[in-house]
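Structure data follow from model-v8.cif (mmCIF, C-alpha atoms):
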data_query
#
loop_
_atom_site.label_atom_id
_atom_site.label_comp_id
_atom_site.auth_asym_id
_atom_site.auth_seq_id
_atom_site.Cartn_x
_atom_site.Cartn_y
_atom_site.Cartn_z
CA MET A 35 -39.97 -6.80 19.34
CA GLY A 36 -41.74 -7.26 16.02
CA THR A 37 -42.15 -10.38 13.96
CA ILE A 38 -39.45 -11.09 11.39
CA THR A 39 -39.70 -13.30 8.31
CA ILE A 40 -36.75 -15.57 7.51
CA ARG A 41 -35.81 -18.59 5.40
CA LEU A 42 -34.03 -21.40 7.18
CA LEU A 43 -32.02 -24.30 5.81
CA VAL A 44 -32.31 -27.08 8.38
CA VAL A 45 -29.68 -29.83 8.32
CA GLU A 46 -31.27 -32.83 10.06
CA ASP A 47 -32.57 -36.35 9.44
CA ASP A 48 -34.47 -36.12 6.20
CA ASP A 49 -37.50 -38.21 7.15
CA THR A 50 -41.15 -37.71 6.51
CA ASP A 51 -42.01 -36.07 9.82
CA PRO A 52 -42.93 -32.42 9.46
CA SER A 53 -40.45 -30.08 11.04
CA PRO A 54 -41.64 -28.56 14.32
CA LEU A 55 -39.44 -25.50 13.81
CA PRO A 56 -41.96 -23.21 12.04
CA ALA A 57 -44.52 -23.59 14.81
CA LEU A 58 -41.86 -23.27 17.50
CA LEU A 59 -40.41 -20.12 16.00
CA ALA A 60 -43.85 -18.63 15.33
CA ARG A 61 -44.38 -18.58 19.09
CA GLN A 62 -41.14 -16.60 19.31
CA ARG A 63 -42.34 -14.03 16.76
CA ILE A 64 -40.36 -15.43 13.84
CA ASP A 65 -42.17 -16.35 10.63
CA ALA A 66 -39.84 -19.05 9.30
CA SER A 67 -40.04 -21.06 6.11
CA CYS A 68 -37.83 -24.13 6.39
CA GLU A 69 -36.15 -26.40 3.88
CA ARG A 70 -34.59 -29.63 5.10
CA VAL A 71 -31.52 -31.49 3.90
CA GLY A 72 -29.91 -34.57 5.36
CA ASN A 73 -26.22 -34.19 4.48
CA ALA A 74 -23.50 -31.67 3.85
CA PRO A 75 -23.40 -31.95 0.01
CA ASP A 76 -27.15 -31.30 -0.20
CA MET A 77 -26.72 -28.34 2.13
CA VAL A 78 -24.02 -26.84 -0.13
CA ALA A 79 -26.20 -27.36 -3.21
CA ARG A 80 -29.22 -25.67 -1.62
CA LEU A 81 -27.14 -22.76 -0.34
CA ALA A 82 -25.80 -22.25 -3.85
CA ASP A 83 -29.19 -21.83 -5.50
CA GLY A 84 -31.33 -20.41 -2.68
CA ARG A 85 -31.43 -17.31 -0.53
CA PHE A 86 -31.41 -18.32 3.11
CA ASP A 87 -31.05 -16.24 6.23
CA ALA A 88 -29.52 -18.94 8.47
CA VAL A 89 -28.50 -22.59 8.74
CA ILE A 90 -29.62 -24.75 11.68
CA CYS A 91 -27.70 -27.99 12.10
CA ASP A 92 -29.10 -30.81 14.26
CA HIS A 93 -26.15 -32.45 15.98
CA ALA A 94 -28.17 -35.62 16.56
CA ALA A 95 -28.82 -36.31 12.86
CA ARG A 96 -27.85 -39.87 11.95
CA GLY A 97 -24.76 -40.17 9.75
CA LEU A 98 -24.06 -36.42 9.90
CA ARG A 99 -21.32 -34.59 11.76
CA CYS A 100 -21.88 -30.91 12.41
CA ALA A 101 -18.16 -30.37 11.82
CA ASP A 102 -18.52 -31.70 8.27
CA ALA A 103 -21.53 -29.47 7.59
CA LEU A 104 -19.69 -26.47 9.07
CA ALA A 105 -16.58 -27.14 6.99
CA ALA A 106 -18.67 -27.37 3.81
CA TRP A 107 -20.51 -24.17 4.76
CA GLN A 108 -17.24 -22.32 5.36
CA ALA A 109 -15.67 -23.62 2.15
CA GLY A 110 -18.45 -21.90 0.24
CA GLY A 111 -17.54 -18.55 1.78
CA ARG A 112 -20.95 -18.21 3.44
CA THR A 113 -21.76 -15.20 5.58
CA ILE A 114 -25.14 -16.35 6.89
CA PRO A 115 -25.34 -17.66 10.49
CA PHE A 116 -24.71 -21.30 11.37
CA VAL A 117 -26.52 -22.37 14.58
CA ILE A 118 -26.12 -25.79 16.21
CA VAL A 119 -28.87 -27.61 18.08
CA ALA A 120 -27.50 -30.33 20.39
CA ASP A 121 -28.16 -32.02 23.71
CA ARG A 122 -25.20 -30.62 25.60
CA PHE A 123 -22.87 -27.68 25.14
CA ASP A 124 -19.80 -29.54 26.38
CA GLU A 125 -19.89 -32.24 23.75
CA PRO A 126 -16.43 -32.18 22.11
CA ALA A 127 -17.85 -32.00 18.57
CA VAL A 128 -20.04 -29.03 19.53
CA VAL A 129 -17.15 -27.23 21.23
CA ASP A 130 -14.94 -27.84 18.18
CA ALA A 131 -17.64 -26.50 15.85
CA LEU A 132 -18.06 -23.34 17.92
CA HIS A 133 -14.31 -22.79 17.94
CA ALA A 134 -14.27 -23.36 14.19
CA GLY A 135 -16.77 -20.57 13.52
CA ALA A 136 -20.33 -21.67 14.29
CA ASP A 137 -22.35 -18.67 15.44
CA ASP A 138 -24.26 -20.15 18.37
CA PHE A 139 -25.42 -23.25 20.22
CA VAL A 140 -28.92 -23.99 21.50
CA SER A 141 -29.64 -26.86 23.84
CA ARG A 142 -32.39 -29.22 22.75
CA ASP A 143 -34.17 -28.80 26.08
CA ARG A 144 -34.03 -24.99 25.80
CA LEU A 145 -35.43 -24.41 22.32
CA ASP A 146 -37.14 -21.30 23.66
CA ARG A 147 -33.69 -19.74 23.16
CA LEU A 148 -33.65 -20.60 19.46
CA GLY A 149 -35.58 -17.50 18.37
CA PRO A 150 -33.39 -14.99 20.25
CA ALA A 151 -30.26 -16.87 19.15
CA LEU A 152 -31.35 -16.65 15.50
CA ARG A 153 -32.18 -12.95 15.78
CA ARG A 154 -28.81 -12.20 17.34
CA ALA A 155 -26.90 -14.33 14.85
CA ILE A 156 -28.72 -12.77 11.88
CA ASP A 157 -28.03 -9.26 13.21
CA ASP A 158 -24.37 -10.13 13.76
CA ALA A 159 -24.08 -11.61 10.26
CA ARG A 160 -25.68 -8.50 8.76
CA ALA A 161 -23.19 -6.33 10.66
CA ARG A 162 -20.30 -8.49 9.39
CA ARG A 163 -21.50 -8.14 5.81
CA GLU A 164 -21.83 -4.39 6.20
CA ARG A 165 -18.32 -4.18 7.65
CA ALA A 166 -17.02 -6.32 4.80
CA ARG A 167 -18.75 -4.05 2.25
CA ASP A 168 -17.36 -0.98 4.00
CA GLN A 169 -13.89 -2.53 4.01
CA GLN A 170 -14.15 -3.39 0.32
CA ALA A 171 -15.33 0.14 -0.44
CA LEU A 172 -12.45 1.56 1.60
CA GLU A 173 -9.92 -0.66 -0.15
CA ALA A 174 -11.35 0.28 -3.54
CA SER A 175 -11.17 3.96 -2.61
CA GLU A 176 -7.58 3.57 -1.42
CA ALA A 177 -6.70 1.77 -4.64
CA ARG A 178 -8.20 4.63 -6.66
CA LEU A 179 -6.27 7.17 -4.58
CA ARG A 180 -3.04 5.21 -5.07
CA ALA A 181 -3.69 5.04 -8.80
CA LEU A 182 -4.39 8.79 -8.85
CA SER A 183 -1.24 9.47 -6.83
CA ALA A 184 0.85 7.35 -9.21
CA TYR A 185 -0.73 9.12 -12.20
CA LEU A 186 -0.08 12.56 -10.71
CA GLN A 187 3.53 11.68 -9.90
CA SER A 188 4.03 10.39 -13.42
CA ALA A 189 2.39 13.51 -14.85
CA VAL A 190 4.56 15.76 -12.67
CA GLU A 191 7.74 13.96 -13.75
CA ASN A 192 6.72 14.15 -17.41
CA GLU A 193 5.97 17.86 -17.02
CA ARG A 194 9.30 18.40 -15.28
CA LYS A 195 11.04 16.59 -18.11
CA ALA A 196 9.29 18.73 -20.72
CA ILE A 197 10.03 21.98 -18.86
CA ALA A 198 13.67 20.98 -18.34
CA ARG A 199 13.99 20.29 -22.07
CA GLU A 200 12.43 23.67 -22.95
CA ILE A 201 14.73 25.47 -20.51
CA HIS A 202 17.76 23.69 -21.96
CA ASP A 203 16.81 24.02 -25.63
CA ASP A 204 14.94 27.34 -25.79
CA ILE A 205 16.09 29.50 -22.90
CA GLY A 206 19.56 27.97 -22.89
CA GLY A 207 19.87 28.55 -26.63
CA MET A 208 18.74 32.17 -26.39
CA LEU A 209 21.08 32.87 -23.45
CA THR A 210 23.97 31.36 -25.38
CA ALA A 211 23.20 33.55 -28.41
CA LEU A 212 22.90 36.61 -26.15
CA ARG A 213 26.23 35.77 -24.55
CA PHE A 214 27.92 35.65 -27.96
CA ASP A 215 26.46 39.06 -28.86
CA LEU A 216 27.48 40.62 -25.58
CA ASP A 217 30.94 39.13 -25.89
CA TRP A 218 31.25 40.68 -29.37
CA MET A 219 30.06 44.05 -28.04
CA SER A 220 32.53 43.84 -25.16
CA ARG A 221 35.42 43.14 -27.54
CA HIS A 222 34.42 45.79 -30.10
CA SER A 223 33.63 48.70 -27.79
CA GLN A 224 35.50 50.90 -25.39
CA GLY A 225 34.94 52.82 -22.21
CA GLU A 226 31.59 52.72 -20.47
CA VAL A 227 29.93 50.72 -23.27
CA ALA A 228 32.51 47.96 -22.94
CA GLN A 229 32.13 48.03 -19.16
CA ARG A 230 28.34 47.73 -19.35
CA ALA A 231 28.64 44.96 -21.93
CA GLN A 232 30.92 43.04 -19.58
CA GLN A 233 28.48 43.51 -16.70
CA ALA A 234 25.65 42.22 -18.89
CA LEU A 235 27.86 39.31 -19.92
CA ASP A 236 28.39 38.43 -16.25
CA THR A 237 24.63 38.62 -15.63
CA VAL A 238 23.95 36.33 -18.59
CA GLY A 239 26.53 33.88 -17.21
CA GLN A 240 24.69 33.82 -13.88
CA ALA A 241 21.37 33.35 -15.68
CA MET A 242 22.82 30.40 -17.61
CA LEU A 243 24.03 28.79 -14.38
CA ALA A 244 20.59 29.35 -12.80
CA SER A 245 18.81 27.81 -15.78
CA GLN A 246 21.15 24.81 -15.66
CA ARG A 247 20.52 24.39 -11.94
CA ILE A 248 16.75 24.61 -12.42
CA SER A 249 16.90 22.18 -15.32
CA ARG A 250 18.93 19.69 -13.25
CA ASN A 251 16.44 19.88 -10.39
CA LEU A 252 13.53 19.32 -12.76
CA ARG A 253 15.12 16.41 -14.60
CA PRO A 254 18.54 15.34 -13.34
CA PRO A 255 20.70 14.54 -16.39
CA VAL A 256 22.98 12.48 -14.16
CA LEU A 257 20.34 9.74 -14.32
CA GLU A 258 21.47 9.12 -17.88
CA ALA A 259 24.66 7.70 -16.35
CA GLY A 260 22.66 5.20 -14.30
CA VAL A 261 21.06 5.20 -10.88
CA VAL A 262 24.25 4.17 -9.04
CA ALA A 263 26.17 7.13 -10.46
CA ALA A 264 23.19 9.43 -9.84
CA VAL A 265 22.92 8.51 -6.15
CA GLU A 266 26.68 8.80 -5.69
CA TRP A 267 26.54 12.27 -7.28
CA GLN A 268 23.68 13.26 -4.96
CA VAL A 269 25.69 12.26 -1.91
CA SER A 270 28.76 14.18 -3.09
CA GLN A 271 26.67 17.29 -3.75
CA PHE A 272 25.03 16.94 -0.34
CA ARG A 273 28.47 16.73 1.28
CA LYS A 274 29.69 19.87 -0.51
CA ARG A 275 26.52 21.81 0.18
CA THR A 276 26.12 21.01 3.88
CA GLY A 277 29.62 20.22 5.09
CA LEU A 278 28.33 17.06 6.80
CA ARG A 279 30.15 13.75 6.61
CA ALA A 280 28.35 11.76 3.93
CA ALA A 281 29.39 8.34 2.65
CA PHE A 282 28.06 6.30 -0.24
CA SER A 283 28.52 2.59 -0.87
CA SER A 284 27.13 0.13 -3.39
CA ASN A 285 27.63 -3.57 -4.00
CA VAL A 286 27.22 -3.07 -7.78
CA ASP A 287 28.79 -0.77 -10.34
CA ARG A 288 25.69 -0.31 -12.39
CA VAL A 289 22.08 -1.50 -12.50
CA THR A 290 19.59 -0.96 -15.30
CA LEU A 291 16.22 0.44 -14.20
CA ASP A 292 13.22 1.67 -16.09
CA ASP A 293 12.47 5.37 -15.92
CA ALA A 294 9.83 5.10 -13.19
CA ARG A 295 12.04 3.10 -10.83
CA ALA A 296 15.08 5.27 -11.49
CA ILE A 297 13.12 8.42 -10.66
CA ALA A 298 11.66 6.77 -7.54
CA VAL A 299 15.14 5.96 -6.26
CA TYR A 300 16.50 9.42 -7.09
CA ARG A 301 13.59 11.29 -5.48
CA CYS A 302 13.69 9.07 -2.40
CA VAL A 303 17.34 9.86 -1.77
CA GLN A 304 16.72 13.54 -2.56
CA GLU A 305 13.81 13.82 -0.11
CA ALA A 306 15.60 11.83 2.60
CA LEU A 307 18.69 14.05 2.40
CA THR A 308 16.53 17.18 2.40
CA ASN A 309 14.71 15.99 5.54
CA ILE A 310 18.03 15.32 7.27
CA VAL A 311 19.16 18.89 6.64
CA LYS A 312 15.84 20.35 7.79
CA HIS A 313 15.04 18.24 10.84
CA ALA A 314 17.66 15.72 11.94
CA ASN A 315 20.47 17.93 13.29
CA ALA A 316 22.82 15.16 12.19
CA ARG A 317 26.60 15.09 11.93
CA SER A 318 26.99 12.23 9.48
CA VAL A 319 24.97 10.41 6.85
CA SER A 320 25.44 7.14 5.00
CA VAL A 321 23.68 6.01 1.82
CA ASP A 322 23.92 2.35 0.84
CA LEU A 323 22.66 0.89 -2.43
CA ILE A 324 22.33 -2.89 -2.44
CA LEU A 325 21.16 -5.19 -5.21
CA ARG A 326 20.46 -8.70 -3.97
CA GLN A 327 18.10 -11.51 -4.97
CA GLY A 328 16.18 -9.40 -7.46
CA GLN A 329 15.57 -6.51 -5.06
CA LEU A 330 17.14 -3.07 -5.03
CA SER A 331 17.44 -1.48 -1.59
CA ILE A 332 18.40 2.11 -0.80
CA GLU A 333 19.24 2.74 2.85
CA VAL A 334 19.70 6.33 4.07
CA THR A 335 20.91 6.53 7.69
CA ASP A 336 21.72 9.56 9.82
CA ASP A 337 22.94 10.00 13.41
CA GLY A 338 20.54 12.83 14.21
CA ARG A 339 17.80 13.23 16.77
CA GLY A 340 15.64 10.46 15.34
CA LEU A 341 11.99 10.44 14.38
CA GLY A 342 9.37 9.89 17.07
CA GLN A 343 5.96 8.35 16.57
CA THR A 344 4.42 11.84 16.77
CA ASP A 345 6.63 12.90 13.86
CA LEU A 346 5.50 9.95 11.77
CA ASN A 347 1.83 10.61 12.55
CA LYS A 348 1.86 14.37 11.92
CA PRO A 349 -0.95 15.36 9.53
CA ALA A 350 1.51 17.54 7.59
CA SER A 351 4.10 14.76 7.17
CA PHE A 352 3.69 14.78 3.40
CA GLY A 353 7.33 14.10 2.57
CA LEU A 354 7.36 10.56 3.97
CA ARG A 355 3.85 9.89 2.68
CA GLY A 356 4.95 11.02 -0.76
CA LEU A 357 7.92 8.68 -0.63
CA SER A 358 5.67 5.80 0.40
CA GLU A 359 3.38 6.49 -2.54
CA ARG A 360 6.35 6.69 -4.90
CA ALA A 361 7.57 3.33 -3.66
CA ARG A 362 4.12 1.77 -3.94
CA ALA A 363 3.72 3.09 -7.50
CA VAL A 364 6.69 0.92 -8.58
CA ASP A 365 5.56 -2.08 -6.46
CA GLY A 366 8.06 -1.27 -3.73
CA TRP A 367 7.75 -0.23 -0.12
CA LEU A 368 9.28 2.25 2.31
CA ASP A 369 10.33 1.52 5.89
CA VAL A 370 11.14 4.27 8.38
CA LEU A 371 13.21 2.94 11.29
CA PRO A 372 13.73 5.53 14.05
CA SER A 373 16.05 4.86 16.97
CA ALA A 374 17.89 6.68 19.72
CA GLU A 375 20.98 6.86 17.46
CA GLY A 376 19.21 8.38 14.46
CA THR A 377 16.88 7.37 11.66
CA THR A 378 17.08 4.94 8.76
CA ILE A 379 14.89 5.25 5.67
CA LEU A 380 14.84 2.05 3.64
CA LEU A 381 13.40 1.90 0.13
CA THR A 382 13.01 -1.57 -1.38
CA ILE A 383 12.03 -2.15 -5.01
CA PRO A 384 11.63 -5.54 -6.73
CA LEU A 385 13.35 -5.56 -10.09
CA ASP A 386 11.73 -8.59 -11.80
CA GLY A 387 14.96 -10.34 -12.72
CA ALA A 388 17.07 -7.26 -13.45
CA ARG A 389 20.83 -7.89 -13.18
CA SER A 390 23.65 -5.55 -12.30
CA ALA A 391 26.62 -4.98 -14.58
CA THR A 392 28.87 -6.68 -12.07
CA GLU A 393 26.62 -9.76 -11.92
CA ALA A 394 26.38 -9.90 -15.72
CA ARG A 395 30.17 -9.88 -16.07
CA ALA A 396 30.51 -12.63 -13.45
CA SER A 397 28.11 -14.89 -15.33
#
Hey, can you dump this file as structure tokens for me?
Amino acid sequence: MGTITIRLLVVEDDDTDPSPLPALLARQRIDASCERVGNAPDMVARLADGRFDAVICDHAARGLRCADALAAWQAGGRTIPFVIVADRFDEPAVVDALHAGADDFVSRDRLDRLGPALRRAIDDARARRERARDQQALEASEARLRALSAYLQSAVENERKAIAREIHDDIGGMLTALRFDLDWMSRHSQGEVAQRAQQALDTVGQAMLASQRISRNLRPPVLEAGVVAAVEWQVSQFRKRTGLRAAFSSNVDRVTLDDARAIAVYRCVQEALTNIVKHANARSVSVDLILRQGQLSIEVTDDGRGLGQTDLNKPASFGLRGLSERARAVDGWLDVLPSAEGTTILLTIPLDGARSATEARAS
């Protein structure tokens, strides 16, 4: 074990006697430079303007309680080790200090342990700092990923909106003009020409319905009527499309949301209903929209087979992850509550003082 060089802040009686610690630690292969302070405020001041590797607190110092020094050390958010030197381990003040976060204790009659205790405490503190840096880096990376996800979702919705508008305005306009021409040809021709014109007219009608369907999926126009009406429409369409029992309830008639929150609610219900059709094998579904105490909650419940933990942890479970990111992008959160009777997906979004139409009329 090689010699290490460290700086110590020693909290002890500040008298004129030279500290024996440097010589003691030198025999234990530690080259230590020591600064001494006699009270907790001086310790805090020295820690603020100096770079130390550890604090050693002498429990026998007159007029000084190790607990006070430890509390001041912790209040400063220090990550360097705090080691106590005392006569006995079982002294209540020493035990309290160790429980409160002191790194180690060294008995005064076993100061040969001080060097190894300092080495271990310094290594542990370095590992804690590295873990803290790694955690901060991970949190920063996750924050960047969340920001990127929110940006991509916003960009996708904006692109969908633009494409839906182009389909409606450009393609829809051209199909409408083509339909008028074909209708004129059908009315002003006879025989096979009239028959072919009618067939083309039917094809154009199907193309117009397809373009309307695609446009609705890209940017649902029902959102213009409000999120309550949009969710109710989704549930009715789901019921018609699948034949399942599907009920919708809401404690408000209307609630005003910004575009991002409205889309988050709509897509959450859309994805939840799609997952039920694909995976749940359910017979009935209920969708409840509740506005209470400044929070909007959307609860989608089915009586299907339920989600297991393996389903939630599947690497390819992008649907639920996407919903979670959507919720987080509008400061909300998503809860998935599986049970033996089915699964509930709960989206909660804070509305920052938004009021429903019903509440506004009541006031």
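Interatomic distance, atom CA of A:Ala244 against atom CA of A:Glu191: 20.1 Å.
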Stretch 383-386 of chain A environment, 8 Å, all atoms listed in the file, sequence neighbours closer than 6 positions dropped, as a list in words: Leu291, Arg295, Gly328, Gln329, Leu330, Ser331, Ala361, Val364, Asp365, Gly366 and Trp367 of chain A
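Closest approach to A:Ala211 among A:Val261, A:Ala198, A:Val238, A:Ile90 is made by A:Val238 (distances from all atoms listed in the file).
Minimum atom-to-atom distances from A:Ile310, A:Leu381, A:Gly225, A:Gly277 to A:Asp322 were compared using only C-alpha atoms, and the lowest value belongs to A:Leu381.
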Show me, as AutoDock Vina command-line options, the centre and edge lengths in Å to one decimal of the axis-aligned box that covers every listed atom of stretch 171-184 of chain A with 3 Å on each side.
--center_x -7.2 --center_y 4.4 --center_z -3.8 --size_x 22.2 --size_y 16.1 --size_z 16.8
Selection dump of the PyMOL selection byres ((chain A and resi 314) around 8), as a PyMOL selection string: chain A and resi 309-313+315-316+336-340+376
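Distances from A:Arg273, A:Ser220, A:Ala196, A:Ala296 to A:Val256 were compared using all atoms listed in the file, and the smallest one belongs to A:Ala296.
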Nearest-residue call for A:Leu323, choices A:Gln304, A:Ser373, A:Thr382, A:Ser183, using all atoms listed in the file: A:Thr382
Incomplete stretch 160-172 of chain A filled out to N, CA and C atoms as a PDB file, keeping the file's coordinate frame:
ATOM      1  N   ARG A 160     -25.420  -9.701   9.563  1.00  0.00           N
ATOM      2  CA  ARG A 160     -25.680  -8.500   8.760  1.00  0.00           C
ATOM      3  C   ARG A 160     -24.603  -7.446   9.035  1.00  0.00           C
ATOM      4  N   ALA A 161     -24.234  -7.300  10.316  1.00  0.00           N
ATOM      5  CA  ALA A 161     -23.190  -6.330  10.660  1.00  0.00           C
ATOM      6  C   ALA A 161     -21.855  -6.721  10.033  1.00  0.00           C
ATOM      7  N   ARG A 162     -21.554  -8.043  10.012  1.00  0.00           N
ATOM      8  CA  ARG A 162     -20.300  -8.490   9.390  1.00  0.00           C
ATOM      9  C   ARG A 162     -20.301  -8.190   7.897  1.00  0.00           C
ATOM     10  N   ARG A 163     -21.437  -8.428   7.249  1.00  0.00           N
ATOM     11  CA  ARG A 163     -21.500  -8.140   5.810  1.00  0.00           C
ATOM     12  C   ARG A 163     -21.343  -6.664   5.538  1.00  0.00           C
ATOM     13  N   GLU A 164     -21.954  -5.835   6.391  1.00  0.00           N
ATOM     14  CA  GLU A 164     -21.830  -4.390   6.200  1.00  0.00           C
ATOM     15  C   GLU A 164     -20.379  -3.942   6.410  1.00  0.00           C
ATOM     16  N   ARG A 165     -19.732  -4.532   7.435  1.00  0.00           N
ATOM     17  CA  ARG A 165     -18.320  -4.180   7.650  1.00  0.00           C
ATOM     18  C   ARG A 165     -17.472  -4.629   6.474  1.00  0.00           C
ATOM     19  N   ALA A 166     -17.780  -5.827   5.952  1.00  0.00           N
ATOM     20  CA  ALA A 166     -17.020  -6.320   4.800  1.00  0.00           C
ATOM     21  C   ALA A 166     -17.227  -5.408   3.591  1.00  0.00           C
ATOM     22  N   ARG A 167     -18.498  -4.969   3.372  1.00  0.00           N
ATOM     23  CA  ARG A 167     -18.750  -4.050   2.250  1.00  0.00           C
ATOM     24  C   ARG A 167     -18.025  -2.731   2.458  1.00  0.00           C
ATOM     25  N   ASP A 168     -18.071  -2.236   3.708  1.00  0.00           N
ATOM     26  CA  ASP A 168     -17.360  -0.980   4.000  1.00  0.00           C
ATOM     27  C   ASP A 168     -15.858  -1.141   3.777  1.00  0.00           C
ATOM     28  N   GLN A 169     -15.313  -2.296   4.196  1.00  0.00           N
ATOM     29  CA  GLN A 169     -13.890  -2.530   4.010  1.00  0.00           C
ATOM     30  C   GLN A 169     -13.540  -2.615   2.534  1.00  0.00           C
ATOM     31  N   GLN A 170     -14.394  -3.299   1.767  1.00  0.00           N
ATOM     32  CA  GLN A 170     -14.150  -3.390   0.320  1.00  0.00           C
ATOM     33  C   GLN A 170     -14.215  -2.013  -0.328  1.00  0.00           C
ATOM     34  N   ALA A 171     -15.211  -1.212   0.117  1.00  0.00           N
ATOM     35  CA  ALA A 171     -15.330   0.140  -0.440  1.00  0.00           C
ATOM     36  C   ALA A 171     -14.111   0.981  -0.074  1.00  0.00           C
ATOM     37  N   LEU A 172     -13.635   0.812   1.173  1.00  0.00           N
ATOM     38  CA  LEU A 172     -12.450   1.560   1.600  1.00  0.00           C
ATOM     39  C   LEU A 172     -11.227   1.135   0.799  1.00  0.00           C
TER      40      LEU A 172
END
